[in-house]
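Asker: One file: start.txt (compact mmCIF, C-alpha atoms).
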```txt
# COMPACT_ATOMS: atom_id res chain seq x y z
CA MET H 2 2.29 -18.19 27.25
CA SER H 3 1.59 -16.78 23.76
CA GLN H 4 3.54 -13.86 22.32
CA ILE H 5 0.45 -11.64 22.69
CA GLY H 6 0.14 -12.70 26.33
CA ASP H 7 3.85 -12.02 26.81
CA LEU H 8 3.46 -8.54 25.32
CA THR H 9 0.50 -7.78 27.54
CA GLU H 10 2.48 -8.87 30.60
CA MET H 11 5.44 -6.73 29.50
CA LEU H 12 3.11 -3.74 29.09
CA ARG H 13 1.71 -4.24 32.57
CA ALA H 14 5.18 -4.62 34.06
CA TRP H 15 6.35 -1.47 32.26
CA GLN H 16 3.32 0.39 33.58
CA ALA H 17 4.30 -0.77 37.07
CA GLY H 18 7.73 0.82 36.56
CA ASP H 19 9.80 -2.11 35.27
CA ASN H 20 12.19 -0.59 32.71
CA VAL H 21 13.61 -4.02 31.83
CA ALA H 22 10.11 -5.06 30.72
CA ARG H 23 9.86 -1.84 28.68
CA ASP H 24 13.10 -2.67 26.88
CA GLN H 25 11.99 -6.27 26.28
CA LEU H 26 8.66 -5.00 24.94
CA PHE H 27 10.24 -2.68 22.40
CA SER H 28 12.68 -5.39 21.40
CA ALA H 29 9.76 -7.77 20.83
CA VAL H 30 7.77 -5.34 18.63
CA HIS H 31 10.69 -3.65 16.87
CA ASP H 32 10.64 -5.87 13.76
CA ASN H 33 6.88 -5.40 13.35
CA MET H 34 7.19 -1.61 13.72
CA HIS H 35 10.14 -1.57 11.30
CA ALA H 36 8.16 -3.49 8.66
CA ILE H 37 5.27 -1.05 9.02
CA ALA H 38 7.64 1.93 8.74
CA ARG H 39 9.23 0.45 5.59
CA ASN H 40 5.78 -0.01 4.08
CA ILE H 41 4.80 3.58 4.85
CA LEU H 42 8.03 5.00 3.45
CA ARG H 43 8.21 2.98 0.26
CA SER H 44 7.84 5.97 -2.01
CA ASP H 45 10.27 7.40 -4.50
CA ARG H 46 13.66 6.23 -3.21
CA GLN H 47 15.31 9.52 -4.20
CA ARG H 48 13.06 11.57 -1.93
CA HIS H 49 13.45 9.61 1.29
CA VAL H 50 14.35 12.02 4.02
CA VAL H 51 13.84 9.63 6.89
CA GLN H 52 14.71 5.95 7.04
CA ALA H 53 12.48 3.28 8.54
CA THR H 54 14.93 2.72 11.40
CA GLU H 55 14.97 6.44 12.21
CA LEU H 56 11.18 6.52 12.18
CA VAL H 57 10.91 3.54 14.52
CA ASN H 58 13.60 4.90 16.85
CA GLU H 59 11.93 8.31 17.12
CA CYS H 60 8.58 6.64 17.74
CA VAL H 61 10.11 4.50 20.49
CA LEU H 62 11.79 7.51 22.12
CA ARG H 63 8.49 9.39 22.20
CA MET H 64 6.68 6.38 23.61
CA PHE H 65 9.28 5.99 26.37
CA GLY H 66 8.12 9.40 27.55
CA ILE H 67 4.53 8.22 28.04
CA ASN H 68 4.34 7.49 31.75
CA GLN H 69 0.70 8.10 32.54
CA LEU H 70 -0.90 5.81 29.92
CA ASP H 71 -2.98 2.83 31.03
CA TRP H 72 -1.65 0.10 28.72
CA ARG H 73 -4.31 -2.54 28.09
CA ASP H 74 -2.78 -4.99 25.63
CA ARG H 75 -0.72 -5.43 22.48
CA ALA H 76 -3.38 -3.94 20.22
CA HIS H 77 -3.62 -0.84 22.40
CA PHE H 78 0.18 -0.50 22.37
CA ILE H 79 0.29 -0.75 18.56
CA GLY H 80 -2.55 1.79 18.39
CA VAL H 81 -0.51 4.29 20.38
CA ALA H 82 2.57 3.46 18.30
CA SER H 83 0.65 4.07 15.06
CA SER H 84 -0.57 7.49 16.21
CA THR H 85 2.95 8.33 17.36
CA MET H 86 4.39 7.21 14.00
CA ARG H 87 1.96 9.51 12.18
CA ARG H 88 2.99 12.45 14.40
CA VAL H 89 6.70 11.69 13.87
CA LEU H 90 6.25 11.72 10.08
CA VAL H 91 4.30 14.97 10.14
CA ASP H 92 6.81 16.63 12.49
CA GLU H 93 9.71 15.49 10.33
CA ALA H 94 7.99 16.78 7.20
CA ARG H 95 7.39 20.16 8.82
CA ARG H 96 11.00 20.37 9.99
CA ARG H 97 12.36 19.46 6.55
CA ASN H 98 9.94 21.79 4.79
CA ALA H 99 10.98 24.67 7.01
CA ALA H 100 14.63 23.99 6.24
CA LYS H 101 14.38 23.13 2.54
CA ARG H 102 10.87 24.00 1.42
CA ASP H 103 10.65 20.54 -0.18
CA ALA H 104 7.74 18.22 0.42
CA VAL H 105 8.23 14.92 2.17
CA GLU H 106 6.53 12.21 0.21
CA VAL H 107 5.25 8.89 1.43
CA THR H 108 3.37 6.22 -0.40
CA PHE H 109 -0.19 5.85 0.75
CA ALA H 110 -0.48 2.11 0.31
CA THR H 111 -3.75 2.02 -1.55
CA ASP H 112 -2.88 -1.49 -2.65
CA GLN H 113 -4.31 -2.35 0.78
CA ILE H 114 -7.48 -0.62 -0.30
CA GLY H 115 -7.89 -1.86 -3.85
CA GLY H 116 -6.06 0.71 -5.97
CA ASP H 117 -2.61 1.59 -7.20
CA ASP H 118 -0.19 3.08 -4.70
CA THR H 119 -0.44 6.85 -4.55
CA THR H 120 2.61 8.92 -3.70
CA LEU H 121 1.66 12.06 -1.86
CA ASP H 122 2.99 14.64 0.50
CA ILE H 123 2.66 13.57 4.14
CA HIS H 124 0.99 16.93 4.80
CA GLU H 125 -1.77 16.02 2.32
CA LEU H 126 -2.38 12.74 4.12
CA ASP H 127 -2.29 14.43 7.53
CA GLN H 128 -4.66 17.18 6.38
CA ALA H 129 -7.03 14.63 4.88
CA LEU H 130 -6.99 12.66 8.14
CA THR H 131 -7.64 15.88 10.07
CA ARG H 132 -10.64 16.64 7.83
CA LEU H 133 -11.84 13.07 8.26
CA GLY H 134 -11.50 13.54 12.02
CA GLU H 135 -14.01 16.40 11.83
CA ILE H 136 -16.48 13.85 10.50
CA SER H 137 -15.48 10.83 12.57
CA SER H 138 -12.59 10.33 14.97
CA ASP H 139 -13.36 6.59 14.91
CA LEU H 140 -12.62 6.44 11.17
CA VAL H 141 -9.30 8.24 11.71
CA GLN H 142 -8.42 5.79 14.45
CA VAL H 143 -9.19 2.85 12.13
CA VAL H 144 -6.86 4.32 9.46
CA GLU H 145 -4.10 4.97 12.00
CA LEU H 146 -4.38 1.50 13.48
CA LYS H 147 -4.45 -0.30 10.15
CA TYR H 148 -2.13 1.89 8.05
CA PHE H 149 0.37 3.24 10.59
CA GLY H 150 -0.03 0.40 13.08
CA GLY H 151 -0.47 -2.60 10.80
CA LEU H 152 -3.24 -4.07 12.96
CA THR H 153 -5.73 -6.63 11.72
CA ASN H 154 -9.47 -5.96 11.75
CA GLU H 155 -9.77 -8.12 14.86
CA GLU H 156 -7.07 -6.16 16.68
CA VAL H 157 -8.64 -2.83 15.68
CA ALA H 158 -11.97 -4.13 16.99
CA ALA H 159 -10.30 -4.96 20.31
CA VAL H 160 -8.79 -1.47 20.58
CA GLN H 161 -12.05 0.23 19.68
CA GLU H 162 -14.12 -2.22 21.71
CA THR H 163 -16.42 -2.89 18.77
CA SER H 164 -17.16 -5.71 16.36
CA THR H 165 -14.98 -6.83 13.48
CA SER H 166 -17.81 -6.16 11.04
CA THR H 167 -18.00 -2.55 12.26
CA VAL H 168 -14.26 -2.18 11.71
CA LYS H 169 -14.58 -3.59 8.18
CA ARG H 170 -17.36 -1.11 7.37
CA SER H 171 -15.37 1.75 8.89
CA TRP H 172 -12.25 0.78 6.93
CA ARG H 173 -14.19 0.64 3.66
CA THR H 174 -15.76 4.03 4.38
CA ALA H 175 -12.43 5.62 5.35
CA ARG H 176 -10.66 4.19 2.27
CA VAL H 177 -13.27 5.54 -0.12
CA TRP H 178 -13.33 8.92 1.62
CA LEU H 179 -9.53 9.22 1.63
CA GLN H 180 -9.18 8.12 -1.99
CA ARG H 181 -11.66 10.82 -2.98
CA GLU H 182 -9.99 13.47 -0.82
CA LEU H 183 -6.47 12.59 -1.90
CA SER H 184 -7.37 12.58 -5.58
CA HIS H 185 -8.94 16.06 -5.19
CA PRO H 186 -6.89 17.83 -2.49
CA GLN H 187 -8.39 20.87 -0.77
CA MET H 188 -7.07 24.28 -1.78
```
For this file, produce the structure as structure tokens.
Answerer:
Amino acid sequence: MSQIGDLTEMLRAWQAGDNVARDQLFSAVHDNMHAIARNILRSDRQRHVVQATELVNECVLRMFGINQLDWRDRAHFIGVASSTMRRVLVDEARRRNAAKRDAVEVTFATDQIGGDDTTLDIHELDQALTRLGEISSDLVQVVELKYFGGLTNEEVAAVQETSTSTVKRSWRTARVWLQRELSHPQM
């Protein structure tokens, strides 16, 4: 059986109440999630307030609490993990800002989207994604799946139940929109 098939089986077993399968699942995807977290957090080393391992661990803890979700496959799992990772970063930034009044910066990896990396406050990224969500929740989901989840276009298409060409168009649209928004933040 392929790794993707194994992950899908682990998801189904976890959904059926098998906690051993849940632990095996998170063990199997941990390295992938850790690499994504490192990529997201690769901003100014002096301003790191959360480490990649902490981000992954908090994401995993939150996902352990999801009992009612109908897990479909690996791509769906990574989609949920990417949304959870975004929420963890925003929550951590809010907590730190309340305590210190300092911004938490992350690097928005625009090298994935054809530009130089842009370091910005996680709140700016979250607010931009929220504004984008008012226009299209599908575009936000594409960004979350690709940026926070590290999914390929094909995997995003599977999660969204659409074509790969639609995902490519959505990704291009979202990148351009976010680059514009993030270079001219709202007041």
Asker: With a distance cut-off of 12 Å and all atoms listed in the file, select the neighbouring residues of Thr174 (chain H), excluding the residue or stretch itself and same-chain residues fewer than 3 positions from it, and output the selection as JSON, numbers by chain.
Answerer: {"H": [114, 133, 136, 137, 139, 140, 141, 143, 144, 167, 168, 169, 170, 171, 177, 178, 179, 180, 181]}
Asker: Can those selected residues be exported to a file as a PDB file, in the coordinates of the input so that it contains C-alpha atoms?
Answerer:
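Written file, result30.pdb:
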```
ATOM      1  CA  ILE H 114      -7.480  -0.620  -0.300  1.00  0.00           C
ATOM      2  CA  LEU H 133     -11.840  13.070   8.260  1.00  0.00           C
ATOM      3  CA  ILE H 136     -16.480  13.850  10.500  1.00  0.00           C
ATOM      4  CA  SER H 137     -15.480  10.830  12.570  1.00  0.00           C
ATOM      5  CA  ASP H 139     -13.360   6.590  14.910  1.00  0.00           C
ATOM      6  CA  LEU H 140     -12.620   6.440  11.170  1.00  0.00           C
ATOM      7  CA  VAL H 141      -9.300   8.240  11.710  1.00  0.00           C
ATOM      8  CA  VAL H 143      -9.190   2.850  12.130  1.00  0.00           C
ATOM      9  CA  VAL H 144      -6.860   4.320   9.460  1.00  0.00           C
ATOM     10  CA  THR H 167     -18.000  -2.550  12.260  1.00  0.00           C
ATOM     11  CA  VAL H 168     -14.260  -2.180  11.710  1.00  0.00           C
ATOM     12  CA  LYS H 169     -14.580  -3.590   8.180  1.00  0.00           C
ATOM     13  CA  ARG H 170     -17.360  -1.110   7.370  1.00  0.00           C
ATOM     14  CA  SER H 171     -15.370   1.750   8.890  1.00  0.00           C
ATOM     15  CA  VAL H 177     -13.270   5.540  -0.120  1.00  0.00           C
ATOM     16  CA  TRP H 178     -13.330   8.920   1.620  1.00  0.00           C
ATOM     17  CA  LEU H 179      -9.530   9.220   1.630  1.00  0.00           C
ATOM     18  CA  GLN H 180      -9.180   8.120  -1.990  1.00  0.00           C
ATOM     19  CA  ARG H 181     -11.660  10.820  -2.980  1.00  0.00           C
TER      20      ARG H 181
END
```
Asker: What's the separation between CA of Thr9 (chain H) and CA of Leu90 (chain H), in Å to one decimal place?
Answerer: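 Distance between the two atoms: 26.8 Å.
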Asker: Write out as a ChimeraX atom specification the residues lying within 7 Å of Trp72 (chain H), counting all atoms listed in the file and excluding same-chain residues fewer than 4 positions away.
Answerer: /H:12-13,16,77-78
Asker: Ranking H:Leu42, H:Ala76, H:Ala29, H:Val21 by minimum distance to Val160 (chain H) and counting all atoms listed in the file, which one comes first?
Answerer: H:Ala76
Asker: Considering all atoms listed in the file, state which residue in the set H:Thr131, H:Ser184, H:Gln142, H:Gln52 is at the smallest distance from Val81 (chain H).
Answerer: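 Residue with the minimum atom-to-atom distance to Val81 (chain H): H:Gln142.
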Asker: One decimal, Å: what's the distance from CA of Met11 (chain H) over to CA of Asn33 (chain H), could you say?
Answerer: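 Value for the CA of Met11 (chain H)-CA of Asn33 (chain H) distance: 16.3 Å.
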Asker: Check the smallest atom-to-atom distance from each of H:Leu130, H:Ala38, H:Ile123, H:Val89 to Phe149 (chain H) using all atoms listed in the file, then report the winner.
Answerer: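 Closest residue, counting all atoms listed in the file: H:Ala38.
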Asker: Quote the spacing between CA of Ser84 (chain H) and CA of Ser28 (chain H) in Å to one decimal place.
Answerer: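 If I compute the distance from CA of Ser84 (chain H) to CA of Ser28 (chain H), I get 19.2 Å.
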Asker: For a quick check of understanding, using only C-alpha atoms, which of H:Ala22, H:Ala82, H:Val157, H:Leu8 has the smallest distance to Val61 (chain H)?
Answerer: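 Between H:Ala22, H:Ala82, H:Val157, H:Leu8, the residue approaching Val61 (chain H) most closely is H:Ala82.
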Asker: Using all atoms listed in the file, which residues sit within 10 Å of Ile37 (chain H) once same-chain residues fewer than 6 positions away are excluded, as a PyMOL selection string?
Answerer: chain H and resi 31+53+57+83+86+147-152
Asker: Counting all atoms listed in the file, which residue out of H:Glu145, H:Glu162, H:Glu135, H:Asp74 sits closest to Arg176 (chain H)?
Answerer: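 Distance minimum relative to Arg176 (chain H) lands on H:Glu145.
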Asker: Measuring atom to atom with all atoms listed in the file, identify which of H:Ser138, H:Ile79, H:Asp7, H:Arg39 is nearest to Thr54 (chain H).
Answerer: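 Of all the options, H:Arg39 lies closest to Thr54 (chain H).
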